[in-house]
Structures are given as C-alpha cells and as structure tokens.
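Data file: structure32.txt. Format and content: compact mmCIF, C-alpha atoms.
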```txt
# COMPACT_ATOMS: atom_id res chain seq x y z
CA MET R 1 8.02 -1.96 0.55
CA LYS R 2 7.90 1.48 -0.99
CA PRO R 3 4.82 3.63 -1.43
CA GLY R 4 3.82 3.81 -5.06
CA HIS R 5 6.32 1.17 -6.03
CA GLY R 6 5.86 -2.00 -4.03
CA GLU R 7 8.66 -4.41 -3.40
CA ILE R 8 12.25 -3.32 -4.07
CA VAL R 9 15.27 -5.58 -3.60
CA LEU R 10 17.72 -3.62 -1.47
CA ALA R 11 20.52 -6.16 -1.13
CA GLU R 12 21.15 -9.80 -1.85
CA GLY R 13 23.88 -12.03 -0.54
CA ASP R 14 24.99 -15.10 1.35
CA VAL R 15 25.54 -14.62 5.08
CA GLU R 16 28.22 -17.31 4.96
CA ILE R 17 30.38 -15.09 2.74
CA PRO R 18 31.85 -12.33 4.97
CA GLU R 19 31.95 -9.64 2.32
CA GLN R 20 28.33 -10.23 1.34
CA GLU R 21 27.28 -10.45 4.96
CA ARG R 22 28.83 -7.01 5.58
CA GLU R 23 26.79 -5.59 2.72
CA LEU R 24 23.64 -7.15 4.11
CA ILE R 25 24.35 -5.75 7.57
CA GLU R 26 24.94 -2.27 6.13
CA ALA R 27 21.69 -2.40 4.18
CA PHE R 28 19.85 -3.67 7.27
CA ARG R 29 21.18 -0.85 9.46
CA ARG R 30 20.49 1.76 6.81
CA GLU R 31 16.82 0.77 6.64
CA LEU R 32 16.36 0.64 10.39
CA ASP R 33 18.13 3.98 10.79
CA SER R 34 15.68 5.48 8.31
CA GLY R 35 12.82 4.41 10.56
CA MET R 36 11.67 1.21 8.88
CA TRP R 37 10.57 -1.94 10.65
CA ALA R 38 12.13 -5.24 9.65
CA ALA R 39 10.21 -8.51 9.59
CA VAL R 40 11.08 -12.08 8.70
CA PRO R 41 8.26 -14.31 7.45
CA LEU R 42 8.42 -17.69 9.19
CA ALA R 43 6.54 -20.95 9.42
CA ALA R 44 5.35 -21.24 13.01
CA PRO R 45 5.04 -24.56 14.85
CA GLY R 46 1.96 -26.24 13.46
CA GLY R 47 2.62 -24.98 9.98
CA ARG R 48 0.92 -21.59 10.30
CA ARG R 49 2.79 -18.73 8.71
CA GLN R 50 3.62 -15.68 10.78
CA ALA R 51 6.21 -12.93 10.93
CA GLU R 52 8.86 -11.98 13.41
CA LEU R 53 9.97 -8.39 13.90
CA VAL R 54 13.76 -8.11 14.19
CA ARG R 55 15.62 -5.19 15.69
CA SER R 56 19.18 -6.22 14.90
CA PHE R 57 20.86 -8.26 12.22
CA GLU R 58 21.83 -10.86 14.83
CA ASP R 59 18.12 -11.52 15.41
CA VAL R 60 17.63 -12.60 11.81
CA PRO R 61 17.61 -16.40 11.59
CA ARG R 62 20.68 -17.55 9.67
CA ASP R 63 18.51 -19.56 7.31
CA ALA R 64 16.06 -16.73 6.64
CA GLU R 65 15.43 -16.27 2.94
CA ARG R 66 14.59 -12.59 3.24
CA VAL R 67 13.95 -9.66 5.50
CA ILE R 68 11.09 -7.35 4.60
CA PHE R 69 11.34 -3.67 5.54
CA PHE R 70 8.19 -1.61 5.83
CA PRO R 71 7.30 1.82 7.23
CA ARG R 72 6.84 2.01 10.97
CA ALA R 73 3.24 1.79 12.13
CA ALA R 74 1.52 4.91 13.37
CA GLY R 75 -1.95 5.64 14.58
CA GLY R 76 -4.16 6.47 11.64
CA ALA R 77 -5.67 9.89 11.21
CA PRO R 78 -9.16 9.60 12.68
CA ALA R 79 -10.60 12.40 10.58
CA THR R 80 -9.92 10.76 7.23
CA ASP R 81 -10.97 7.57 5.50
CA ALA R 82 -7.41 6.30 5.18
CA SER R 83 -6.25 4.29 8.14
CA MET D 1 -5.27 63.63 -54.85
CA VAL D 2 -5.03 63.59 -51.06
CA LEU D 3 -8.19 61.54 -50.86
CA ALA D 4 -6.81 59.00 -53.32
CA LEU D 5 -3.54 58.68 -51.42
CA GLY D 6 -5.41 58.31 -48.14
CA THR D 7 -7.64 55.62 -49.54
CA ALA D 8 -4.65 53.80 -51.01
CA GLY D 9 -2.94 54.01 -47.62
CA VAL D 10 -5.91 52.55 -45.81
CA VAL D 11 -6.18 49.73 -48.35
CA LEU D 12 -2.45 49.04 -47.97
CA VAL D 13 -2.70 48.87 -44.20
CA VAL D 14 -5.68 46.51 -44.40
CA LEU D 15 -3.87 44.29 -46.90
CA VAL D 16 -0.73 44.13 -44.74
CA TRP D 17 -2.84 43.37 -41.67
CA GLU D 18 -4.62 40.54 -43.47
CA LEU D 19 -1.31 39.09 -44.64
CA MET D 20 0.31 39.36 -41.21
CA ARG D 21 -2.68 38.17 -39.15
CA PRO D 22 -2.07 34.37 -39.39
CA THR D 23 1.60 34.82 -38.50
CA LEU D 24 0.75 37.06 -35.57
CA ALA D 25 -1.93 34.63 -34.37
CA ARG D 26 0.52 31.72 -34.47
CA GLY D 27 3.15 33.73 -32.65
CA LEU D 28 0.66 34.77 -29.99
CA ALA D 29 -0.55 31.19 -29.47
CA SER D 30 3.03 29.98 -29.22
CA ALA D 31 3.86 32.67 -26.66
CA ARG D 32 0.78 31.73 -24.63
CA ALA D 33 1.73 28.02 -24.68
CA GLY D 34 5.28 28.88 -23.64
CA TRP D 35 4.01 31.02 -20.78
CA ALA D 36 1.64 28.28 -19.63
CA ALA D 37 4.46 25.72 -19.74
CA ARG D 38 6.67 28.00 -17.65
CA VAL D 39 3.84 28.42 -15.12
CA ARG D 40 3.25 24.62 -14.99
CA GLY D 41 6.90 23.85 -14.54
CA PRO D 42 8.78 20.94 -16.09
CA GLU D 43 6.90 17.75 -16.96
CA PRO D 44 7.54 14.91 -14.50
CA VAL D 45 10.48 12.94 -15.79
CA GLY D 46 9.61 9.36 -16.58
CA TYR D 47 6.00 9.59 -15.36
CA ASP D 48 4.39 6.23 -15.84
CA PRO D 49 0.62 5.93 -15.32
CA GLY D 50 0.86 2.12 -15.02
CA ARG D 51 3.30 2.21 -12.12
CA GLU D 52 0.68 1.98 -9.37
CA ARG D 53 -0.92 -1.02 -11.05
CA ARG D 54 2.39 -2.83 -11.40
CA ALA D 55 3.24 -1.93 -7.79
CA GLU D 56 0.01 -3.60 -6.70
CA GLN D 57 0.83 -6.69 -8.76
CA ARG D 58 4.24 -6.93 -7.07
CA ALA D 59 2.61 -6.40 -3.68
CA ARG D 60 0.12 -9.22 -4.30
CA ALA D 61 2.96 -11.56 -5.24
CA LEU D 62 4.84 -10.64 -2.07
CA LEU D 63 1.76 -11.10 0.10
CA ARG D 64 1.07 -14.48 -1.47
CA SER D 65 4.64 -15.60 -0.74
CA CYS D 66 4.34 -14.70 2.95
CA VAL D 67 0.93 -15.87 4.14
CA ASP D 68 -0.70 -19.29 4.26
CA GLU D 69 -2.23 -20.59 1.08
CA GLN D 70 -5.66 -20.49 2.74
CA ASP D 71 -5.17 -16.90 3.84
CA TRP D 72 -4.04 -15.91 0.37
CA ALA D 73 -7.10 -17.55 -1.15
CA MET D 74 -9.32 -15.64 1.28
CA TYR D 75 -7.69 -12.33 0.36
CA ARG D 76 -7.85 -13.11 -3.34
CA ASP D 77 -11.52 -14.05 -3.18
CA LEU D 78 -12.87 -11.67 -0.54
CA GLY D 79 -10.38 -8.78 -0.42
CA LEU D 80 -9.64 -9.15 3.29
CA LEU D 81 -7.51 -11.21 5.66
CA ARG D 82 -8.46 -12.70 9.01
CA VAL D 83 -5.85 -13.01 11.75
CA TRP D 84 -6.60 -14.87 14.95
CA GLY D 85 -5.95 -12.93 18.15
CA GLY D 86 -3.30 -14.14 20.52
CA ILE D 87 -2.69 -11.62 23.31
CA GLY D 88 -2.71 -13.43 26.61
CA GLU D 89 -3.48 -16.75 25.01
CA ARG D 90 -1.33 -19.79 24.56
CA GLY D 91 -1.58 -19.87 20.82
CA ARG D 92 -3.40 -18.56 17.83
CA GLY D 93 -5.89 -20.58 15.92
CA SER D 94 -9.49 -21.08 15.09
CA ASP D 95 -10.31 -21.53 18.79
CA ALA D 96 -9.03 -18.04 19.64
CA SER D 97 -11.51 -15.93 21.57
CA TYR D 98 -11.11 -12.98 19.22
CA ALA D 99 -9.83 -12.25 15.75
CA TYR D 100 -9.06 -9.39 13.40
CA LEU D 101 -10.19 -8.48 9.92
CA ILE D 102 -7.56 -6.70 7.86
CA TYR D 103 -8.70 -4.47 5.01
CA PRO D 104 -6.40 -2.49 2.72
CA HIS D 105 -6.13 1.11 3.91
CA LYS D 106 -8.95 0.70 6.42
CA PRO D 107 -8.89 0.14 10.17
CA ILE D 108 -8.22 -3.31 11.56
CA VAL D 109 -11.45 -4.65 13.03
CA ALA D 110 -11.45 -6.85 16.13
CA TYR D 111 -14.41 -9.17 16.66
CA VAL D 112 -15.53 -12.30 18.51
CA PRO D 113 -15.67 -15.22 16.07
CA ALA D 114 -18.06 -17.23 18.22
CA THR D 115 -20.75 -14.54 18.29
CA GLY D 116 -19.81 -12.11 15.54
CA GLU D 117 -19.75 -9.28 18.07
CA LEU D 118 -17.66 -6.35 16.90
CA LEU D 119 -15.14 -5.16 19.47
CA ASN D 120 -13.05 -2.27 18.16
CA GLU D 121 -11.55 -0.55 15.17
CA TYR D 122 -7.79 -0.08 15.28
CA CYS D 123 -6.77 2.73 12.97
CA VAL D 124 -3.18 2.28 11.88
CA GLU D 125 -1.15 3.34 8.87
CA PHE D 126 2.36 2.91 7.57
CA PRO D 127 3.34 6.32 6.27
CA ASP D 128 6.57 6.92 4.41
CA HIS D 129 7.24 10.63 4.73
CA SER D 130 10.10 10.58 2.25
CA ARG D 131 7.61 10.04 -0.63
CA PRO D 132 10.37 8.95 -3.02
CA PHE D 133 7.94 7.73 -5.64
CA GLY D 134 5.26 10.37 -5.50
CA SER D 135 2.82 8.70 -3.12
CA ALA D 136 2.83 8.20 0.64
CA ARG D 137 0.51 5.19 0.45
CA LEU D 138 1.67 1.63 0.18
CA PRO D 139 0.00 -0.46 -2.50
CA ASP D 140 -3.17 -2.10 -1.12
CA SER D 141 -1.65 -5.56 -0.73
CA ASP D 142 1.51 -4.15 0.89
CA ASP D 143 -0.67 -2.36 3.44
CA VAL D 144 -2.42 -5.65 4.21
CA LEU D 145 0.92 -7.47 4.45
CA ALA D 146 2.38 -4.82 6.75
CA LYS D 147 -0.62 -5.17 9.07
CA TRP D 148 -0.41 -8.96 8.91
CA MET D 149 3.31 -8.96 9.73
CA ALA D 150 2.95 -6.49 12.56
CA LEU D 151 -0.06 -8.34 14.03
CA THR D 152 1.44 -11.81 13.85
CA ALA D 153 4.86 -10.63 15.03
CA ASP D 154 3.98 -8.22 17.79
CA GLU D 155 0.24 -7.85 18.22
CA ARG D 156 0.51 -5.91 21.45
CA ARG D 157 2.89 -3.36 19.91
CA LEU D 158 0.74 -2.75 16.85
CA ILE D 159 -2.41 -2.39 18.90
CA GLY D 160 -0.51 -0.01 21.16
CA GLU D 161 0.46 2.16 18.19
CA ALA D 162 -3.05 2.22 16.71
CA ASN D 163 -5.85 4.67 17.43
CA MET D 164 -8.65 2.63 18.94
CA HIS D 165 -12.29 3.44 18.25
CA LEU D 166 -15.64 1.81 18.74
CA PRO D 167 -16.97 -0.13 15.75
CA GLY D 168 -18.57 2.04 13.12
CA ARG D 169 -16.14 4.93 13.30
CA GLN D 170 -14.83 4.37 9.77
CA ILE D 171 -16.29 1.12 8.52
CA ASP D 172 -20.02 0.55 8.47
CA PRO D 173 -20.76 -2.26 10.98
CA GLU D 174 -23.30 -3.69 8.53
CA ARG D 175 -20.55 -4.06 5.97
CA ILE D 176 -18.39 -5.89 8.51
CA ARG D 177 -21.26 -8.22 9.40
CA ARG D 178 -21.79 -8.93 5.73
CA ASP D 179 -18.06 -9.62 5.38
CA LEU D 180 -18.13 -11.99 8.35
CA ALA D 181 -21.00 -13.82 6.69
CA ARG D 182 -19.01 -13.95 3.44
CA VAL D 183 -16.01 -15.34 5.30
CA GLU D 184 -18.17 -18.00 6.94
CA ARG D 185 -19.78 -18.96 3.64
CA TRP D 186 -16.42 -18.97 1.89
CA GLU D 187 -14.90 -21.27 4.52
CA ARG D 188 -17.83 -23.66 4.22
CA GLU D 189 -17.35 -23.75 0.47
CA GLN D 190 -13.62 -24.29 0.83
CA ALA D 191 -14.13 -27.08 3.34
CA GLY D 192 -16.78 -28.78 1.28
CA GLY D 193 -15.35 -28.00 -2.12
CA ALA D 194 -18.77 -26.73 -3.07
CA PRO D 195 -19.18 -25.38 -6.56
CA GLY D 196 -19.80 -21.70 -6.99
CA SER D 197 -16.93 -20.45 -4.88
CA VAL D 198 -15.66 -17.16 -6.19
CA ARG D 199 -12.37 -17.48 -8.01
CA ALA D 200 -11.43 -14.01 -9.04
CA ALA D 201 -7.75 -13.72 -9.95
```
Just give me the structure as structure tokens.
Amino acid sequence: MKPGHGEIVLAEGDVEIPEQERELIEAFRRELDSGMWAAVPLAAPGGRRQAELVRSFEDVPRDAERVIFFPRAAGGAPATDAS
Amino acid sequence: MVLALGTAGVVLVVLVWELMRPTLARGLASARAGWAARVRGPEPVGYDPGRERRAEQRARALLRSCVDEQDWAMYRDLGLLRVWGGIGERGRGSDASYAYLIYPHKPIVAYVPATGELLNEYCVEFPDHSRPFGSARLPDSDDVLAKWMALTADERRLIGEANMHLPGRQIDPERIRRDLARVERWEREQAGGAPGSVRAA
C-alpha cells in the first residue's frame, strides 16, 4: 500500500524456484527495513477471514498467495481530525 | 519654423508610441508570465488529477479480496467495518463481549454489542513519511484494510500503539449510535433478504 497510489506489486515469484524465492526474500527484507509491516490474509478456522502479521520471510506460509506491506501503525494526532 | 518642427516632432513621437504600444504590451505581458513561472517553479511532471480516485478503486478491490464477503458488503453499503474483539477471549465472533467499528481515516471505536455502550476511541494512523506520491495518506479503503489487518492479526499491539480517548473525542457519539442502528438494520435485512437494502456500488 502506498499513500496516494494504493496497491503496488513489488515482486512476484514462486517460492519453489530458488532464484525467485531469493528475489522475494530481498523484496520482503527491503520493505521491513524501510519500516513497513507485513501481513498475510488468511482464512481462519471456521471460515472467517483474518490477517497474520509476519516478521520474517520464514513466517510466511509457503502456500500464501501474497504478502501485503503497509505503513507501521502510530498513535494518531489527537489535535486533528485525521486518525 | 521652430514651432512647426516642434509640433512635427511631438506628432512623430506620438505616432511611434502608438505603433510600438501593442508590441511593448505583449512583451511586458510575456515578461510578467515568465517571471511568474520562474517564481512558481516547474510544473509537476506527470500530474494526474484522477490518480487518487484510481488509487481508491484499487484499494477497494484489495480490501474486497481480503475480508469476508459479508464484511465487504457491510463496508460497501455502510462505509464502515465491524471487527469482533478478541483480547483475552477464546475466539472472535458474534458472541464477543466487545467489538470495533473501523472508519476510514477516523479513530477505531470500541463498543459493547449487547448494549450499544461506547467504550473508547483508538486514534491510529499509518503514516508514510517518504511521501513518494505526493500524499502521506493511504486511500480510504487501504486505511480500513490496514486497521482490519492489524486488529485481526495483533489486536493487543495495535491498541497499544493507538492513542486512547473517551468516546466523543473525534467522532460524535450520536453518529456512532446511528451507525450501530444502521448496522443492526442492515444485518436484519441481509438475514431476511428484505427488499430495500442499500446496494450502492
């Protein structure tokens, strides 16, 4: 997710192909190093959808279709309308 | 003789001035425009006024692909998402003792579903200080998705990051009560398939 732009595809690949997996790992680390959070949307037991925050590439389920990076949460500014 | 030459001179000057005036006026206007452009600086390269709208469309598609169909329908129809609370409980669900309302770019509101009592406002944002695309704000639906992901993934962490306030700090409690009533009515309509349910795209 990028402000003013929305969704951007950062990297695509198959984790079963070593070269592509390396590229995915590099993209993953780059985003986390820049301060983003990473989340994987999942179907929870019972069918409800939820997300899981991942802190390393190893935490990403091997069958995950995507990882979504978004800016780290911070306490909103109390003096303004935006929160 | 001198008078005649003087008069002829004056007439000549006036004629030359009249002939030159349009050219001088154009030159002056051009110089003014050039000066103003230098003061303004270069025009933004590739500025696209429709970018924010397309960003929101992409964000809505992403949100829809992540949340339950029912949740998406609620957001599409009412402009908000409800997330059941889960801290200290065995599981989330409609029997949870508390829940959250997520609005785009507004605080997350915690409330008691059974009574409608408002608990707190949690003010949280997802700022991107790099501003690579000219705005520090996520599109509305991305902001909702970010809150949804953070709440469902690590509720305690998100609540810990947020600034907590009593209800009414930023969102009018009456508005929230009206929204809770809308949610209740909407769910009844969805469950009963009653006609008249709002279907805004």
Proximity check chain D to chain R, 9 Å, nearest pairs one decimal Å, only C-alpha atoms, as CSV:
```
residue,atom,partner,partner_atom,distance
D:Arg51,CA,R:His5,CA,6.9
D:Glu52,CA,R:Gly4,CA,5.6
D:Arg54,CA,R:His5,CA,7.8
D:Ala55,CA,R:Gly6,CA,4.6
D:Glu56,CA,R:Gly6,CA,6.6
D:Gln57,CA,R:Gly6,CA,8.3
D:Arg58,CA,R:Gly6,CA,6.0
D:Ala59,CA,R:Gly6,CA,5.5
D:Leu62,CA,R:Glu7,CA,7.4
D:Cys66,CA,R:Pro41,CA,6.0
D:Val67,CA,R:Arg49,CA,5.7
D:Asp68,CA,R:Arg49,CA,5.7
D:Gly93,CA,R:Arg48,CA,8.9
D:Pro104,CA,R:Ser83,CA,8.7
D:His105,CA,R:Ser83,CA,5.3
D:Lys106,CA,R:Ser83,CA,4.8
D:Pro107,CA,R:Ser83,CA,5.3
D:Ile108,CA,R:Ser83,CA,8.6
D:Tyr122,CA,R:Gly75,CA,8.2
D:Cys123,CA,R:Gly76,CA,4.8
D:Val124,CA,R:Gly76,CA,4.3
D:Glu125,CA,R:Gly76,CA,5.2
D:Phe126,CA,R:Ala73,CA,4.8
D:Pro127,CA,R:Pro71,CA,6.1
D:Asp128,CA,R:Pro71,CA,5.9
D:Arg131,CA,R:Pro3,CA,7.0
D:Pro132,CA,R:Pro3,CA,7.9
D:Phe133,CA,R:Gly4,CA,5.7
D:Gly134,CA,R:Gly4,CA,6.7
D:Ser135,CA,R:Gly4,CA,5.4
D:Ala136,CA,R:Pro3,CA,5.4
D:Arg137,CA,R:Pro3,CA,5.0
D:Leu138,CA,R:Pro3,CA,4.1
D:Pro139,CA,R:Gly6,CA,6.2
D:Ser141,CA,R:Gly6,CA,8.9
D:Asp142,CA,R:Met1,CA,6.9
D:Ala146,CA,R:Phe70,CA,6.7
D:Lys147,CA,R:Ala73,CA,8.5
D:Trp148,CA,R:Ala51,CA,8.0
D:Met149,CA,R:Ala51,CA,5.1
D:Ala150,CA,R:Leu53,CA,7.4
D:Leu151,CA,R:Ala51,CA,8.4
D:Thr152,CA,R:Gln50,CA,5.4
D:Ala153,CA,R:Glu52,CA,4.5
D:Asp154,CA,R:Leu53,CA,7.1
D:Leu158,CA,R:Ala73,CA,7.0
D:Gly160,CA,R:Gly75,CA,8.8
D:Glu161,CA,R:Gly75,CA,5.6
D:Ala162,CA,R:Gly75,CA,4.2
D:Asn163,CA,R:Gly75,CA,4.9
D:Met164,CA,R:Gly75,CA,8.5
D:His165,CA,R:Pro78,CA,8.9
D:Arg169,CA,R:Pro78,CA,8.4
D:Gln170,CA,R:Asp81,CA,6.6
D:Ile171,CA,R:Asp81,CA,8.9
```
Could you save those same residues with C-alpha atoms as a compact mmCIF listing (two decimals), keeping the file's coordinate frame?
```txt
# COMPACT_ATOMS: atom_id res chain seq x y z
CA ARG D 51 3.30 2.21 -12.12
CA GLU D 52 0.68 1.98 -9.37
CA ARG D 54 2.39 -2.83 -11.40
CA ALA D 55 3.24 -1.93 -7.79
CA GLU D 56 0.01 -3.60 -6.70
CA GLN D 57 0.83 -6.69 -8.76
CA ARG D 58 4.24 -6.93 -7.07
CA ALA D 59 2.61 -6.40 -3.68
CA LEU D 62 4.84 -10.64 -2.07
CA CYS D 66 4.34 -14.70 2.95
CA VAL D 67 0.93 -15.87 4.14
CA ASP D 68 -0.70 -19.29 4.26
CA GLY D 93 -5.89 -20.58 15.92
CA PRO D 104 -6.40 -2.49 2.72
CA HIS D 105 -6.13 1.11 3.91
CA LYS D 106 -8.95 0.70 6.42
CA PRO D 107 -8.89 0.14 10.17
CA ILE D 108 -8.22 -3.31 11.56
CA TYR D 122 -7.79 -0.08 15.28
CA CYS D 123 -6.77 2.73 12.97
CA VAL D 124 -3.18 2.28 11.88
CA GLU D 125 -1.15 3.34 8.87
CA PHE D 126 2.36 2.91 7.57
CA PRO D 127 3.34 6.32 6.27
CA ASP D 128 6.57 6.92 4.41
CA ARG D 131 7.61 10.04 -0.63
CA PRO D 132 10.37 8.95 -3.02
CA PHE D 133 7.94 7.73 -5.64
CA GLY D 134 5.26 10.37 -5.50
CA SER D 135 2.82 8.70 -3.12
CA ALA D 136 2.83 8.20 0.64
CA ARG D 137 0.51 5.19 0.45
CA LEU D 138 1.67 1.63 0.18
CA PRO D 139 0.00 -0.46 -2.50
CA SER D 141 -1.65 -5.56 -0.73
CA ASP D 142 1.51 -4.15 0.89
CA ALA D 146 2.38 -4.82 6.75
CA LYS D 147 -0.62 -5.17 9.07
CA TRP D 148 -0.41 -8.96 8.91
CA MET D 149 3.31 -8.96 9.73
CA ALA D 150 2.95 -6.49 12.56
CA LEU D 151 -0.06 -8.34 14.03
CA THR D 152 1.44 -11.81 13.85
CA ALA D 153 4.86 -10.63 15.03
CA ASP D 154 3.98 -8.22 17.79
CA LEU D 158 0.74 -2.75 16.85
CA GLY D 160 -0.51 -0.01 21.16
CA GLU D 161 0.46 2.16 18.19
CA ALA D 162 -3.05 2.22 16.71
CA ASN D 163 -5.85 4.67 17.43
CA MET D 164 -8.65 2.63 18.94
CA HIS D 165 -12.29 3.44 18.25
CA ARG D 169 -16.14 4.93 13.30
CA GLN D 170 -14.83 4.37 9.77
CA ILE D 171 -16.29 1.12 8.52
```
Interatomic distance (Å, one decimal) between atom CA of Ile17 of chain R and atom CA of Arg30 of chain R: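 For atom CA of Ile17 of chain R relative to atom CA of Arg30 of chain R, the distance reads 20.0 Å.
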Distance of atom CA of Arg64 of chain D from atom CA of Asp179 of chain D, expressed in Å to one decimal place: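 Between these atoms lies a distance of 20.9 Å.
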One-decimal distance in Å that lies between atom CA of Arg182 of chain D and atom CA of Leu78 of chain D: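 If I compute the distance from atom CA of Leu78 of chain D to atom CA of Arg182 of chain D, I get 7.7 Å.
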Non-local contacts of Tyr75 of chain D (10 Å; all atoms listed in the file; under 4 positions in same chain excluded) as a list in words: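 Here the qualifying residues turn out to be Arg60, Leu63, Arg64, Glu69, Gln70, Asp71, Gly79, Leu80, Leu81, Arg82, Ile102, Tyr103, Ser141 and Val144 of chain D.
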Near-Leu24 of chain R list (8 Å; only C-alpha atoms; drop same-chain fewer than 6 positions) as a list in words: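 Here the qualifying residues turn out to be Ala11, Glu12, Gly13 and Val15 of chain R.
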R:Gln20, R:Ser56, R:Val67, R:Pro61 ranked by distance to Asp33 of chain R, top pick (using only C-alpha atoms):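 Residue with the minimum atom-to-atom distance to Asp33 of chain R: R:Ser56.
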Provide an axis-aligned box for all listed atoms of segment 13-20 of chain R, padding each side by 8 Å; report its centre and its edge lengths in Å to one decimal, as AutoDock Vina command-line options.
```
--center_x 27.9 --center_y -13.5 --center_z 2.3 --size_x 24.1 --size_y 23.7 --size_z 21.6
```
